[in-house]
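Chemist: Handing over data.tsv, TSV, C-alpha atoms.
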```
chain	number	residue	atom	x	y	z
A	1	MET	CA	0.00	0.00	0.00
A	2	ALA	CA	1.24	3.50	-0.81
A	3	MET	CA	2.65	5.49	2.06
A	4	ASN	CA	1.24	8.90	2.82
A	5	VAL	CA	3.79	11.29	4.29
A	6	SER	CA	1.90	14.24	5.68
A	7	GLN	CA	4.61	15.82	7.83
A	8	GLU	CA	6.81	18.64	6.58
A	9	HIS	CA	8.83	17.36	3.63
A	10	GLY	CA	12.36	18.30	2.67
A	11	PRO	CA	13.50	19.77	-0.66
A	12	LEU	CA	14.66	16.30	-1.81
A	13	SER	CA	11.59	14.38	-0.62
A	14	GLY	CA	10.36	12.06	-3.34
A	15	PHE	CA	13.75	11.91	-5.09
A	16	THR	CA	16.23	9.04	-5.13
A	17	VAL	CA	19.94	9.83	-5.27
A	18	GLY	CA	22.74	7.36	-6.04
A	19	VAL	CA	25.97	7.77	-4.04
A	20	THR	CA	29.16	6.33	-5.58
A	21	ALA	CA	31.53	7.52	-2.83
A	22	ALA	CA	33.66	5.06	-0.89
A	23	ARG	CA	35.08	7.61	1.53
A	24	ARG	CA	32.67	9.81	3.55
A	25	ALA	CA	29.71	8.01	1.96
A	26	ASP	CA	27.84	7.88	5.28
A	27	GLU	CA	28.25	11.63	5.72
A	28	LEU	CA	26.98	12.37	2.22
A	29	GLY	CA	24.10	9.91	2.61
A	30	ALA	CA	23.07	11.49	5.92
A	31	LEU	CA	23.11	15.00	4.39
A	32	LEU	CA	20.85	13.82	1.56
A	33	GLN	CA	18.47	11.89	3.82
A	34	ARG	CA	18.16	14.85	6.17
A	35	ARG	CA	16.72	16.78	3.23
A	36	GLY	CA	14.26	14.01	2.41
A	37	ALA	CA	16.06	12.02	-0.29
A	38	THR	CA	16.04	8.25	-0.60
A	39	VAL	CA	19.69	7.17	-0.97
A	40	LEU	CA	20.98	4.27	-3.04
A	41	HIS	CA	24.51	3.67	-1.81
A	42	ALA	CA	26.85	1.92	-4.26
A	43	PRO	CA	30.55	2.48	-3.53
A	44	ALA	CA	32.19	2.28	-6.95
A	45	LEU	CA	35.65	1.92	-5.35
A	46	ARG	CA	37.51	0.69	-2.35
A	47	ILE	CA	40.51	2.50	-0.92
A	48	VAL	CA	43.53	0.31	-0.30
A	49	PRO	CA	46.13	1.76	2.11
A	50	LEU	CA	49.72	1.26	1.00
A	51	ALA	CA	51.49	0.97	4.36
A	52	ASP	CA	53.20	-2.20	3.11
A	53	ASP	CA	53.69	-0.95	-0.42
A	54	SER	CA	57.17	-0.80	-1.89
A	55	GLU	CA	56.32	2.23	-4.09
A	56	LEU	CA	55.50	4.42	-1.09
A	57	LEU	CA	58.52	3.18	0.86
A	58	THR	CA	60.83	3.82	-2.11
A	59	ALA	CA	59.45	7.34	-2.67
A	60	THR	CA	59.77	8.14	1.06
A	61	LYS	CA	63.40	6.98	1.25
A	62	GLU	CA	64.22	8.84	-1.96
A	63	LEU	CA	62.85	12.11	-0.57
A	64	ILE	CA	64.70	11.69	2.74
A	65	VAL	CA	68.01	11.13	0.92
A	66	ASP	CA	67.49	13.71	-1.85
A	67	ALA	CA	65.46	16.66	-0.55
A	68	PRO	CA	62.69	18.08	-2.74
A	69	ASP	CA	62.27	21.84	-3.18
A	70	VAL	CA	58.49	21.62	-2.87
A	71	VAL	CA	56.02	19.10	-1.39
A	72	VAL	CA	52.34	19.31	-2.38
A	73	ALA	CA	49.90	17.74	0.10
A	74	THR	CA	46.60	17.10	-1.68
A	75	THR	CA	44.41	15.27	0.87
A	76	ALA	CA	44.26	15.12	4.65
A	77	ILE	CA	43.71	11.35	4.74
A	78	GLY	CA	46.60	10.81	2.33
A	79	PHE	CA	49.04	13.07	4.17
A	80	ARG	CA	48.21	11.43	7.52
A	81	GLY	CA	48.56	8.00	5.93
A	82	TRP	CA	51.98	8.88	4.58
A	83	ILE	CA	53.29	10.06	7.96
A	84	GLU	CA	51.81	7.00	9.72
A	85	ALA	CA	53.33	4.61	7.16
A	86	ALA	CA	56.74	6.28	7.52
A	87	ASP	CA	56.47	5.92	11.31
A	88	GLY	CA	55.72	2.23	10.89
A	89	TRP	CA	58.89	1.78	8.83
A	90	GLY	CA	60.97	3.72	11.35
A	91	HIS	CA	61.41	6.70	8.99
A	92	GLY	CA	58.82	9.03	10.57
A	93	GLU	CA	61.23	11.48	12.25
A	94	ALA	CA	63.51	11.60	9.22
A	95	LEU	CA	60.56	12.37	6.93
A	96	LEU	CA	59.20	15.09	9.23
A	97	GLY	CA	62.69	16.60	9.51
A	98	ARG	CA	62.96	16.70	5.74
A	99	LEU	CA	59.46	18.23	5.33
A	100	ARG	CA	60.36	21.04	7.78
A	101	GLY	CA	62.99	22.28	5.38
A	102	VAL	CA	60.98	22.43	2.17
A	103	GLU	CA	58.26	24.60	0.65
A	104	LEU	CA	55.11	22.79	1.79
A	105	LEU	CA	51.87	23.54	-0.10
A	106	ALA	CA	48.54	22.33	1.35
A	107	ARG	CA	45.40	22.12	-0.82
A	108	GLY	CA	42.62	23.42	1.41
A	109	PRO	CA	41.88	23.70	5.14
A	110	LYS	CA	41.55	19.97	5.89
A	111	VAL	CA	44.99	19.27	4.46
A	112	LYS	CA	46.32	22.28	6.35
A	113	GLY	CA	44.91	20.75	9.55
A	114	ALA	CA	46.66	17.43	8.85
A	115	VAL	CA	49.94	19.24	8.14
A	116	ARG	CA	49.76	21.18	11.41
A	117	ALA	CA	48.72	18.08	13.39
A	118	ALA	CA	52.02	16.55	12.24
A	119	GLY	CA	53.86	19.51	13.78
A	120	LEU	CA	54.58	21.16	10.43
A	121	THR	CA	53.58	24.51	8.96
A	122	GLU	CA	52.42	24.98	5.39
A	123	HIS	CA	54.04	27.74	3.35
A	124	TRP	CA	50.88	28.42	1.33
A	125	SER	CA	47.34	27.14	0.73
A	126	PRO	CA	45.03	28.20	-2.13
A	127	SER	CA	41.89	30.14	-1.22
A	128	SER	CA	39.92	28.16	-3.82
A	129	GLU	CA	41.05	24.75	-2.49
A	130	SER	CA	41.79	23.99	-6.13
A	131	MET	CA	44.74	22.05	-7.52
A	132	ALA	CA	44.54	24.33	-10.56
A	133	GLU	CA	45.48	27.26	-8.32
A	134	VAL	CA	48.37	25.23	-6.84
A	135	LEU	CA	49.58	24.50	-10.37
A	136	ASP	CA	49.29	28.18	-11.38
A	137	ARG	CA	51.38	29.20	-8.39
A	138	LEU	CA	54.10	26.65	-9.10
A	139	LEU	CA	54.27	27.50	-12.79
A	140	GLY	CA	54.22	31.22	-11.94
A	141	GLU	CA	57.23	30.77	-9.64
A	142	GLY	CA	58.96	28.72	-12.33
A	143	VAL	CA	59.61	24.99	-11.98
A	144	GLU	CA	62.65	24.57	-14.24
A	145	GLY	CA	65.13	22.32	-12.43
A	146	ARG	CA	63.01	22.15	-9.26
A	147	ARG	CA	62.26	18.86	-7.51
A	148	ILE	CA	58.55	18.62	-6.62
A	149	ALA	CA	57.00	15.83	-4.55
A	150	LEU	CA	53.27	15.26	-5.09
A	151	GLN	CA	51.24	13.28	-2.55
A	152	LEU	CA	48.70	11.58	-4.78
A	153	HIS	CA	44.94	11.47	-4.29
A	154	GLY	CA	44.40	7.87	-5.36
A	155	GLU	CA	45.75	8.49	-8.85
A	156	PRO	CA	47.65	11.31	-10.62
A	157	LEU	CA	45.57	14.41	-11.24
A	158	PRO	CA	44.83	14.93	-14.94
A	159	GLY	CA	47.31	17.35	-16.50
A	160	PHE	CA	48.98	18.32	-13.22
A	161	VAL	CA	52.09	16.16	-13.45
A	162	GLU	CA	52.36	16.66	-17.22
A	163	SER	CA	52.32	20.47	-16.84
A	164	LEU	CA	55.05	20.40	-14.18
A	165	ARG	CA	57.27	18.08	-16.22
A	166	ALA	CA	56.71	20.16	-19.35
A	167	GLY	CA	57.95	23.16	-17.34
A	168	GLY	CA	61.19	21.34	-16.53
A	169	ALA	CA	60.38	20.02	-13.03
A	170	ASP	CA	61.57	16.72	-11.60
A	171	VAL	CA	58.31	15.28	-10.19
A	172	VAL	CA	58.35	12.59	-7.49
A	173	LEU	CA	55.00	10.84	-7.00
A	174	VAL	CA	54.02	9.76	-3.48
A	175	PRO	CA	51.21	7.15	-3.85
A	176	VAL	CA	49.70	6.81	-0.36
A	177	TYR	CA	46.66	4.72	-1.26
A	178	ARG	CA	45.07	3.33	-4.37
A	179	TRP	CA	41.55	3.02	-5.71
A	180	LEU	CA	40.45	-0.48	-6.71
A	181	PRO	CA	37.05	-1.84	-7.82
A	182	PRO	CA	34.84	-2.97	-4.91
A	183	ILE	CA	35.03	-6.64	-3.92
A	184	ASP	CA	31.21	-6.87	-3.95
A	185	LEU	CA	29.94	-5.47	-7.24
A	186	SER	CA	26.22	-6.07	-6.54
A	187	PRO	CA	25.54	-2.53	-5.15
A	188	VAL	CA	27.18	-0.99	-8.25
A	189	ASP	CA	25.13	-3.27	-10.49
A	190	ARG	CA	21.94	-2.25	-8.65
A	191	LEU	CA	22.83	1.41	-9.20
A	192	LEU	CA	23.53	0.87	-12.91
A	193	ASP	CA	20.20	-0.94	-13.29
A	194	ALA	CA	18.45	1.92	-11.45
A	195	VAL	CA	20.12	4.51	-13.71
A	196	VAL	CA	18.96	2.70	-16.85
A	197	SER	CA	15.40	2.17	-15.51
A	198	ARG	CA	15.29	5.80	-14.27
A	199	GLY	CA	14.88	4.50	-10.73
A	200	VAL	CA	17.25	7.23	-9.53
A	201	ASP	CA	16.91	10.94	-10.22
A	202	ALA	CA	20.58	11.86	-9.70
A	203	VAL	CA	23.95	10.20	-9.17
A	204	THR	CA	26.63	11.94	-7.10
A	205	PHE	CA	30.35	11.62	-7.81
A	206	THR	CA	33.02	12.76	-5.35
A	207	SER	CA	36.09	11.43	-7.18
A	208	ALA	CA	37.14	10.95	-10.80
A	209	PRO	CA	38.14	7.31	-10.19
A	210	ALA	CA	34.61	6.55	-8.94
A	211	ALA	CA	33.11	7.92	-12.16
A	212	ALA	CA	35.62	5.97	-14.26
A	213	SER	CA	34.99	2.81	-12.24
A	214	LEU	CA	31.20	3.05	-12.68
A	215	PHE	CA	31.61	3.26	-16.45
A	216	ALA	CA	34.15	0.44	-16.45
A	217	ARG	CA	31.55	-1.79	-14.80
A	218	ALA	CA	28.85	-0.59	-17.22
A	219	GLU	CA	31.17	-1.58	-20.08
A	220	GLU	CA	31.74	-5.05	-18.59
A	221	ARG	CA	27.96	-5.52	-18.51
A	222	GLY	CA	27.39	-4.12	-22.01
A	223	MET	CA	25.38	-1.20	-20.64
A	224	THR	CA	27.55	1.78	-21.62
A	225	ALA	CA	25.19	3.21	-24.25
A	226	GLU	CA	22.11	2.84	-22.02
A	227	VAL	CA	23.81	4.37	-18.97
A	228	THR	CA	25.16	7.27	-21.05
A	229	ALA	CA	21.70	7.93	-22.55
A	230	ALA	CA	20.10	7.96	-19.08
A	231	LEU	CA	22.70	10.39	-17.67
A	232	LEU	CA	22.38	12.54	-20.78
A	233	HIS	CA	18.60	12.95	-20.66
A	234	ASP	CA	16.94	11.91	-17.40
A	235	VAL	CA	19.32	11.18	-14.52
A	236	LEU	CA	21.31	14.16	-13.24
A	237	PRO	CA	25.08	13.56	-12.80
A	238	ALA	CA	26.27	15.80	-9.93
A	239	CYS	CA	30.02	16.12	-9.32
A	240	VAL	CA	31.80	17.67	-6.36
A	241	GLY	CA	34.19	19.53	-8.70
A	242	PRO	CA	35.69	19.82	-12.20
A	243	VAL	CA	38.39	17.15	-11.78
A	244	THR	CA	35.74	14.64	-10.68
A	245	ALA	CA	33.67	15.53	-13.75
A	246	LEU	CA	36.40	14.79	-16.32
A	247	PRO	CA	35.56	11.09	-16.93
A	248	LEU	CA	31.92	12.06	-17.52
A	249	GLN	CA	32.73	15.04	-19.72
A	250	SER	CA	35.00	12.85	-21.85
A	251	ARG	CA	31.85	10.86	-22.68
A	252	GLY	CA	29.95	13.98	-23.73
A	253	LEU	CA	27.97	14.26	-20.49
A	254	ASP	CA	27.17	17.61	-18.91
A	255	THR	CA	27.36	17.67	-15.13
A	256	VAL	CA	26.36	20.10	-12.38
A	257	GLN	CA	28.98	21.19	-9.84
A	258	PRO	CA	28.82	23.46	-6.78
A	259	GLU	CA	30.96	26.60	-6.65
A	260	ARG	CA	32.72	25.25	-3.55
A	261	PHE	CA	34.03	21.72	-3.93
A	262	ARG	CA	32.53	20.28	-0.75
A	263	LEU	CA	29.80	17.79	0.18
A	264	GLY	CA	27.51	20.41	1.78
A	265	PRO	CA	27.38	22.66	-1.31
A	266	LEU	CA	26.94	19.55	-3.52
A	267	VAL	CA	23.81	18.59	-1.54
A	268	GLN	CA	22.53	22.19	-1.63
A	269	LEU	CA	22.95	22.17	-5.41
A	270	LEU	CA	20.80	19.03	-5.65
A	271	CYS	CA	18.20	20.73	-3.45
A	272	GLN	CA	17.91	23.40	-6.16
A	273	GLU	CA	18.33	21.28	-9.29
A	274	LEU	CA	16.04	18.31	-8.65
A	275	PRO	CA	12.90	20.24	-7.60
A	276	ALA	CA	13.48	22.57	-10.58
A	277	ARG	CA	13.35	19.53	-12.90
A	278	ALA	CA	10.08	18.23	-11.41
A	279	ARG	CA	6.93	18.71	-13.54
A	280	SER	CA	4.25	20.78	-11.82
A	281	LEU	CA	0.68	21.21	-13.10
A	282	PRO	CA	-2.73	22.51	-11.91
A	283	ILE	CA	-5.00	19.46	-12.03
A	284	ALA	CA	-8.63	19.24	-10.86
A	285	GLY	CA	-8.20	22.23	-8.59
A	286	HIS	CA	-4.98	20.89	-7.05
A	287	ARG	CA	-1.32	21.74	-7.55
A	288	VAL	CA	0.40	18.49	-8.53
A	289	GLU	CA	4.20	18.11	-8.71
A	290	VAL	CA	5.64	14.83	-10.00
A	291	ARG	CA	8.94	13.86	-8.37
A	292	GLY	CA	11.05	10.72	-8.74
A	293	HIS	CA	9.03	8.19	-6.72
A	294	ALA	CA	6.45	10.46	-5.09
A	295	VAL	CA	3.97	13.17	-5.94
A	296	LEU	CA	3.26	16.41	-4.11
A	297	VAL	CA	-0.48	17.04	-4.09
A	298	ASP	CA	-1.09	20.49	-2.60
A	299	ASP	CA	2.21	20.22	-0.72
A	300	GLU	CA	1.35	16.79	0.70
A	301	LEU	CA	3.87	14.11	-0.27
A	302	ARG	CA	2.30	10.91	-1.61
A	303	ALA	CA	4.55	7.91	-2.37
A	304	VAL	CA	3.60	6.19	-5.63
A	305	PRO	CA	4.57	2.62	-6.69
A	306	PRO	CA	6.77	2.29	-9.82
A	307	ALA	CA	3.92	1.07	-12.08
A	308	GLY	CA	1.73	4.01	-11.06
A	309	MET	CA	4.59	6.45	-11.59
A	310	ALA	CA	5.15	5.03	-15.10
A	311	LEU	CA	1.47	5.69	-15.93
A	312	LEU	CA	1.55	9.16	-14.42
A	313	ARG	CA	4.65	10.10	-16.43
A	314	ALA	CA	2.99	8.90	-19.63
A	315	LEU	CA	-0.07	11.04	-18.86
A	316	ILE	CA	1.91	14.11	-17.86
A	317	ARG	CA	3.88	14.06	-21.10
A	318	ARG	CA	0.60	15.06	-22.78
A	319	PRO	CA	-1.36	16.88	-20.06
A	320	GLY	CA	-5.10	17.07	-20.72
A	321	TRP	CA	-4.93	14.75	-23.74
A	322	VAL	CA	-6.39	11.25	-23.77
A	323	VAL	CA	-3.70	8.55	-23.64
A	324	ALA	CA	-4.87	5.18	-24.97
A	325	ARG	CA	-4.72	2.04	-22.82
A	326	ALA	CA	-2.40	0.38	-25.35
A	327	GLU	CA	0.10	3.22	-25.02
A	328	LEU	CA	-0.14	3.14	-21.23
A	329	LEU	CA	0.42	-0.62	-21.32
A	330	ARG	CA	3.68	-0.06	-23.22
A	331	ALA	CA	4.75	2.41	-20.49
A	332	LEU	CA	4.22	-0.16	-17.74
A	333	PRO	CA	7.42	-2.00	-16.74
A	334	GLY	CA	7.11	-5.69	-17.67
A	335	ALA	CA	3.33	-5.59	-18.09
A	336	GLY	CA	3.02	-7.92	-21.09
A	337	ARG	CA	-0.05	-7.68	-23.33
A	338	ASP	CA	-2.99	-7.66	-20.91
A	339	GLU	CA	-4.61	-4.22	-20.79
A	340	HIS	CA	-6.20	-5.23	-17.48
A	341	ALA	CA	-2.75	-4.49	-15.98
A	342	VAL	CA	-3.34	-0.82	-16.85
A	343	GLU	CA	-6.65	-0.76	-14.94
A	344	THR	CA	-5.05	-2.43	-11.90
A	345	ALA	CA	-2.10	-0.04	-11.88
A	346	MET	CA	-4.40	2.95	-12.46
A	347	ALA	CA	-6.59	1.99	-9.48
A	348	ARG	CA	-3.50	1.79	-7.28
A	349	LEU	CA	-2.21	5.09	-8.63
A	350	ARG	CA	-5.49	6.85	-7.79
A	351	THR	CA	-5.41	5.38	-4.28
A	352	ALA	CA	-1.81	6.50	-3.83
A	353	LEU	CA	-2.61	10.05	-4.95
A	354	GLY	CA	-5.50	10.22	-2.50
A	355	THR	CA	-7.48	12.33	-4.98
A	356	PRO	CA	-9.13	10.04	-7.58
A	357	LYS	CA	-10.49	12.93	-9.68
A	358	LEU	CA	-6.98	13.95	-10.78
A	359	ILE	CA	-7.18	11.27	-13.52
A	360	GLN	CA	-10.29	10.93	-15.69
A	361	THR	CA	-11.41	7.72	-17.39
A	362	VAL	CA	-12.49	8.35	-20.99
A	363	VAL	CA	-14.76	5.41	-21.87
A	364	LYS	CA	-13.40	3.09	-24.61
A	365	ARG	CA	-10.48	5.45	-25.23
A	366	GLY	CA	-8.17	5.66	-22.24
A	367	TYR	CA	-7.26	8.12	-19.49
A	368	ARG	CA	-6.27	11.75	-19.16
A	369	LEU	CA	-5.21	14.22	-16.50
A	370	ALA	CA	-8.07	16.49	-15.42
A	371	LEU	CA	-6.12	19.61	-16.29
A	372	ASP	CA	-7.68	22.84	-14.99
A	373	PRO	CA	-9.44	24.76	-17.82
A	374	ALA	CA	-7.25	27.82	-17.32
A	375	ALA	CA	-4.16	25.69	-17.90
A	376	GLY	CA	-5.62	23.75	-20.79
A	377	SER	CA	-4.76	26.26	-23.51
A	378	LYS	CA	-1.18	26.52	-22.29
A	379	TYR	CA	-0.56	22.79	-22.71
A	380	ALA	CA	-2.80	22.12	-25.72
A	381	ASP	CA	-0.16	22.71	-28.42
```
Written as structure tokens, how would this file's structure read?
Modeler:
Amino acid sequence: MAMNVSQEHGPLSGFTVGVTAARRADELGALLQRRGATVLHAPALRIVPLADDSELLTATKELIVDAPDVVVATTAIGFRGWIEAADGWGHGEALLGRLRGVELLARGPKVKGAVRAAGLTEHWSPSSESMAEVLDRLLGEGVEGRRIALQLHGEPLPGFVESLRAGGADVVLVPVYRWLPPIDLSPVDRLLDAVVSRGVDAVTFTSAPAAASLFARAEERGMTAEVTAALLHDVLPACVGPVTALPLQSRGLDTVQPERFRLGPLVQLLCQELPARARSLPIAGHRVEVRGHAVLVDDELRAVPPAGMALLRALIRRPGWVVARAELLRALPGAGRDEHAVETAMARLRTALGTPKLIQTVVKRGYRLALDPAAGSKYAD
């Protein structure tokens, strides 16, 4: 039976949002749920610490022996992980001693906090929290012949290392942890299926590797074209920032991004974008707004089952016009050929909406939305 939610609803009530984050996924999910969203959590990655990794140990020893001119700390978790790993190998004090004597750049306040917690002081931090601004500063100072150590955020940042090397820098990469596909792929598969069936209204991305990983799995399942089409037309891809958006943009997909590259602003952006995409009409004396899996009827949120929502979307595409049963049957997911399925789903839809007169039965022809006369001319073209 459909659920009636009469209490005050949030800006994301009635919408379903997919979350691909591995790190801070609970925080992002809680922010979305607090604003009313239903969250489909599908970590597209797992983070593997490299405390026992020879690459990180080699890079650490190399920097202790041959001092860099500049060290760029990109993430708080990564910088802390590096110091902790060095401690575990018995090189912690030597590394900290070396970092005290170099130009230390910290991308953003969280990284700055990690740097200071280690007893160090950053020389500079960009106001925009952007790696592009870090790159501009380095290139502006001139990097010819300079040795620059870059603490990686899972993988090299697109264009960053190339630009430094093109400018004549010797770049040492410090890989603190790596992104790998999740061990359990079933949540990712559920999200991909939901994207293709339009069971989610938006998908959030907080790292470029997560976006790349989601598409890699779609490719393995032969779903790339369907997933791309859904994200292009119906499901909103929301990225925390421009670097995260690159794997999507390379596939011709437009994304929305907040001005500040943080989880809070990303959620606020969804609170604006998703309600703005909802279809709202005056029907039978009521204001009706169709959201992802629920309908606002005069500001009262009514949950609608998937079959009913499929019918309602078919009707709202041509408001006020009669839509034949055969066409509505085609809109029903997995309904087969029996038009009785339309009548059953329509009865449940009317019950869910709580206002049966919103949808009129036109004998021997089909159904239509009871669009208010004043609105009829606007939607009649």
Chemist: Give me, as a PyMOL selection string, all polymer residues having an atom no more than 9 Å from A:Leu192, counting only C-alpha atoms and skipping those fewer than 2 positions away in the same chain.
Modeler: chain A and resi 187-190+194-197+214+217-218+223+227
Chemist: I need the residues from that last selection saved to file as an mmCIF file, keeping the file's coordinate frame (with C-alpha atoms), if you can.
Modeler:
```
data_model
loop_
_atom_site.group_PDB
_atom_site.id
_atom_site.type_symbol
_atom_site.label_atom_id
_atom_site.label_comp_id
_atom_site.auth_asym_id
_atom_site.auth_seq_id
_atom_site.Cartn_x
_atom_site.Cartn_y
_atom_site.Cartn_z
ATOM 1 C CA PRO A 187 25.540 -2.530 -5.150
ATOM 2 C CA VAL A 188 27.180 -0.990 -8.250
ATOM 3 C CA ASP A 189 25.130 -3.270 -10.490
ATOM 4 C CA ARG A 190 21.940 -2.250 -8.650
ATOM 5 C CA ALA A 194 18.450 1.920 -11.450
ATOM 6 C CA VAL A 195 20.120 4.510 -13.710
ATOM 7 C CA VAL A 196 18.960 2.700 -16.850
ATOM 8 C CA SER A 197 15.400 2.170 -15.510
ATOM 9 C CA LEU A 214 31.200 3.050 -12.680
ATOM 10 C CA ARG A 217 31.550 -1.790 -14.800
ATOM 11 C CA ALA A 218 28.850 -0.590 -17.220
ATOM 12 C CA MET A 223 25.380 -1.200 -20.640
ATOM 13 C CA VAL A 227 23.810 4.370 -18.970
#
```
Chemist: Counting only C-alpha atoms, which residue out of A:Leu185, A:His233, A:Ile359, A:Leu120 sits closest to A:Glu220?
Modeler: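 Of A:Leu185, A:His233, A:Ile359, A:Leu120, the one nearest A:Glu220 is A:Leu185, counting only C-alpha atoms.
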Chemist: Pick out the closest residue to A:Ala118 from this set: A:Pro237, A:Gly90, A:Gly334, A:Gly81. Count all atoms listed in the file.
Modeler: A:Gly81
Chemist: Please provide the set of residues having any atom within 9 Å of A:Lys110, restricted to all atoms listed in the file, with same-chain residues fewer than 5 positions apart removed, written as a PyMOL selection string.
Modeler: chain A and resi 75-77+115
Chemist: Could you name the residues that touch stretch 35-45 of chain A at 8 Å or less, counting all atoms listed in the file, but leaving out those on the same chain fewer than 3 positions away, as a PyMOL selection string?
Modeler: chain A and resi 9-22+25+29+31-32+179-182+187-188+190-191+209-211+213-214+271
Chemist: Closest to A:Lys357 among A:Met309, A:Ile283, A:Ala341, A:Ala106, using all atoms listed in the file?
Modeler: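 Among the listed residues, A:Ile283 lies closest to A:Lys357.
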Chemist: Between atom CA of A:Glu300 and atom CA of A:Arg318, what is the distance in Å, rounded to a tenth?
Modeler: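 So the answer is 23.6 Å.
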Chemist: Between A:Leu173, A:Cys239, A:Ile316, A:Leu150, which is the closest to A:Ser280 once you count only C-alpha atoms?
Modeler: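 When distances to A:Ser280 are compared using only C-alpha atoms, the smallest one comes from A:Ile316.
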Chemist: Tell me which protein, DNA and RNA residues are within 12 Å of A:Arg165, counting all atoms listed in the file, leaving out same-chain ones fewer than 2 positions away, and put them as a VMD selection string.
Modeler: chain A and resid 135 138 to 139 142 to 149 159 to 163 167 to 173
Chemist: Take the residues from that selection and write them out as a tab-separated table (two decimals), in the coordinates of the input, keeping C-alpha atoms.
Modeler:
```
chain	number	residue	atom	x	y	z
A	135	LEU	CA	49.58	24.50	-10.37
A	138	LEU	CA	54.10	26.65	-9.10
A	139	LEU	CA	54.27	27.50	-12.79
A	142	GLY	CA	58.96	28.72	-12.33
A	143	VAL	CA	59.61	24.99	-11.98
A	144	GLU	CA	62.65	24.57	-14.24
A	145	GLY	CA	65.13	22.32	-12.43
A	146	ARG	CA	63.01	22.15	-9.26
A	147	ARG	CA	62.26	18.86	-7.51
A	148	ILE	CA	58.55	18.62	-6.62
A	149	ALA	CA	57.00	15.83	-4.55
A	159	GLY	CA	47.31	17.35	-16.50
A	160	PHE	CA	48.98	18.32	-13.22
A	161	VAL	CA	52.09	16.16	-13.45
A	162	GLU	CA	52.36	16.66	-17.22
A	163	SER	CA	52.32	20.47	-16.84
A	167	GLY	CA	57.95	23.16	-17.34
A	168	GLY	CA	61.19	21.34	-16.53
A	169	ALA	CA	60.38	20.02	-13.03
A	170	ASP	CA	61.57	16.72	-11.60
A	171	VAL	CA	58.31	15.28	-10.19
A	172	VAL	CA	58.35	12.59	-7.49
A	173	LEU	CA	55.00	10.84	-7.00
```
Chemist: Do a neighbour search on A:Ala73 at 10 Å with all atoms listed in the file, toss out local chain neighbours closer than 6 positions, and write the hits as a VMD selection string.
Modeler: chain A and resid 79 to 80 104 to 108 111 to 112 114 to 115 122 125 149 to 153 174
Chemist: Can you spit out the residues from that selection as a tab-separated table (two decimals), keeping the file's coordinate frame, using C-alpha atoms?
Modeler:
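New file again-v2.tsv:
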```
chain	number	residue	atom	x	y	z
A	79	PHE	CA	49.04	13.07	4.17
A	80	ARG	CA	48.21	11.43	7.52
A	104	LEU	CA	55.11	22.79	1.79
A	105	LEU	CA	51.87	23.54	-0.10
A	106	ALA	CA	48.54	22.33	1.35
A	107	ARG	CA	45.40	22.12	-0.82
A	108	GLY	CA	42.62	23.42	1.41
A	111	VAL	CA	44.99	19.27	4.46
A	112	LYS	CA	46.32	22.28	6.35
A	114	ALA	CA	46.66	17.43	8.85
A	115	VAL	CA	49.94	19.24	8.14
A	122	GLU	CA	52.42	24.98	5.39
A	125	SER	CA	47.34	27.14	0.73
A	149	ALA	CA	57.00	15.83	-4.55
A	150	LEU	CA	53.27	15.26	-5.09
A	151	GLN	CA	51.24	13.28	-2.55
A	152	LEU	CA	48.70	11.58	-4.78
A	153	HIS	CA	44.94	11.47	-4.29
A	174	VAL	CA	54.02	9.76	-3.48
```
Chemist: Return the single residue from A:Lys364, A:Arg325, A:Lys61, A:Arg137 that is closest to A:Ala345, with distances computed using only C-alpha atoms.
Modeler: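 Checking each of A:Lys364, A:Arg325, A:Lys61, A:Arg137 against A:Ala345, counting only C-alpha atoms, the winner is A:Arg325.
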Chemist: Taking all atoms listed in the file into account, which of A:Ala94, A:Ala132, A:Ala370, A:Leu311 comes nearest A:Gly241?
Modeler: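 Using all atoms listed in the file, the shortest distance to A:Gly241 belongs to A:Ala132.
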Chemist: Enumerate, as a list in words, the protein, DNA and RNA residues whose atoms approach (2.7, 21.2, -9.1) to within 12 Å, taking into account all atoms listed in the file and the coordinate frame of the file.
Modeler: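 Residues found, by chain and rising number: Pro275, Ala276, Arg277, Ala278, Arg279, Ser280, Leu281, Pro282, Ile283, Ala284, Gly285, His286, Arg287, Val288, Glu289, Val290, Arg291, Val295, Leu296, Val297, Asp298, Asp299, Glu300, Leu301, Ile316 and Leu371 of chain A.
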Chemist: Let me see the file: selected residues, C-alpha atoms, as a compact mmCIF listing (two decimals), in the frame of the given file.
Modeler:
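Below is the file that was written, result-v8.txt:
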```txt
# COMPACT_ATOMS: atom_id res chain seq x y z
CA PRO A 275 12.90 20.24 -7.60
CA ALA A 276 13.48 22.57 -10.58
CA ARG A 277 13.35 19.53 -12.90
CA ALA A 278 10.08 18.23 -11.41
CA ARG A 279 6.93 18.71 -13.54
CA SER A 280 4.25 20.78 -11.82
CA LEU A 281 0.68 21.21 -13.10
CA PRO A 282 -2.73 22.51 -11.91
CA ILE A 283 -5.00 19.46 -12.03
CA ALA A 284 -8.63 19.24 -10.86
CA GLY A 285 -8.20 22.23 -8.59
CA HIS A 286 -4.98 20.89 -7.05
CA ARG A 287 -1.32 21.74 -7.55
CA VAL A 288 0.40 18.49 -8.53
CA GLU A 289 4.20 18.11 -8.71
CA VAL A 290 5.64 14.83 -10.00
CA ARG A 291 8.94 13.86 -8.37
CA VAL A 295 3.97 13.17 -5.94
CA LEU A 296 3.26 16.41 -4.11
CA VAL A 297 -0.48 17.04 -4.09
CA ASP A 298 -1.09 20.49 -2.60
CA ASP A 299 2.21 20.22 -0.72
CA GLU A 300 1.35 16.79 0.70
CA LEU A 301 3.87 14.11 -0.27
CA ILE A 316 1.91 14.11 -17.86
CA LEU A 371 -6.12 19.61 -16.29
```
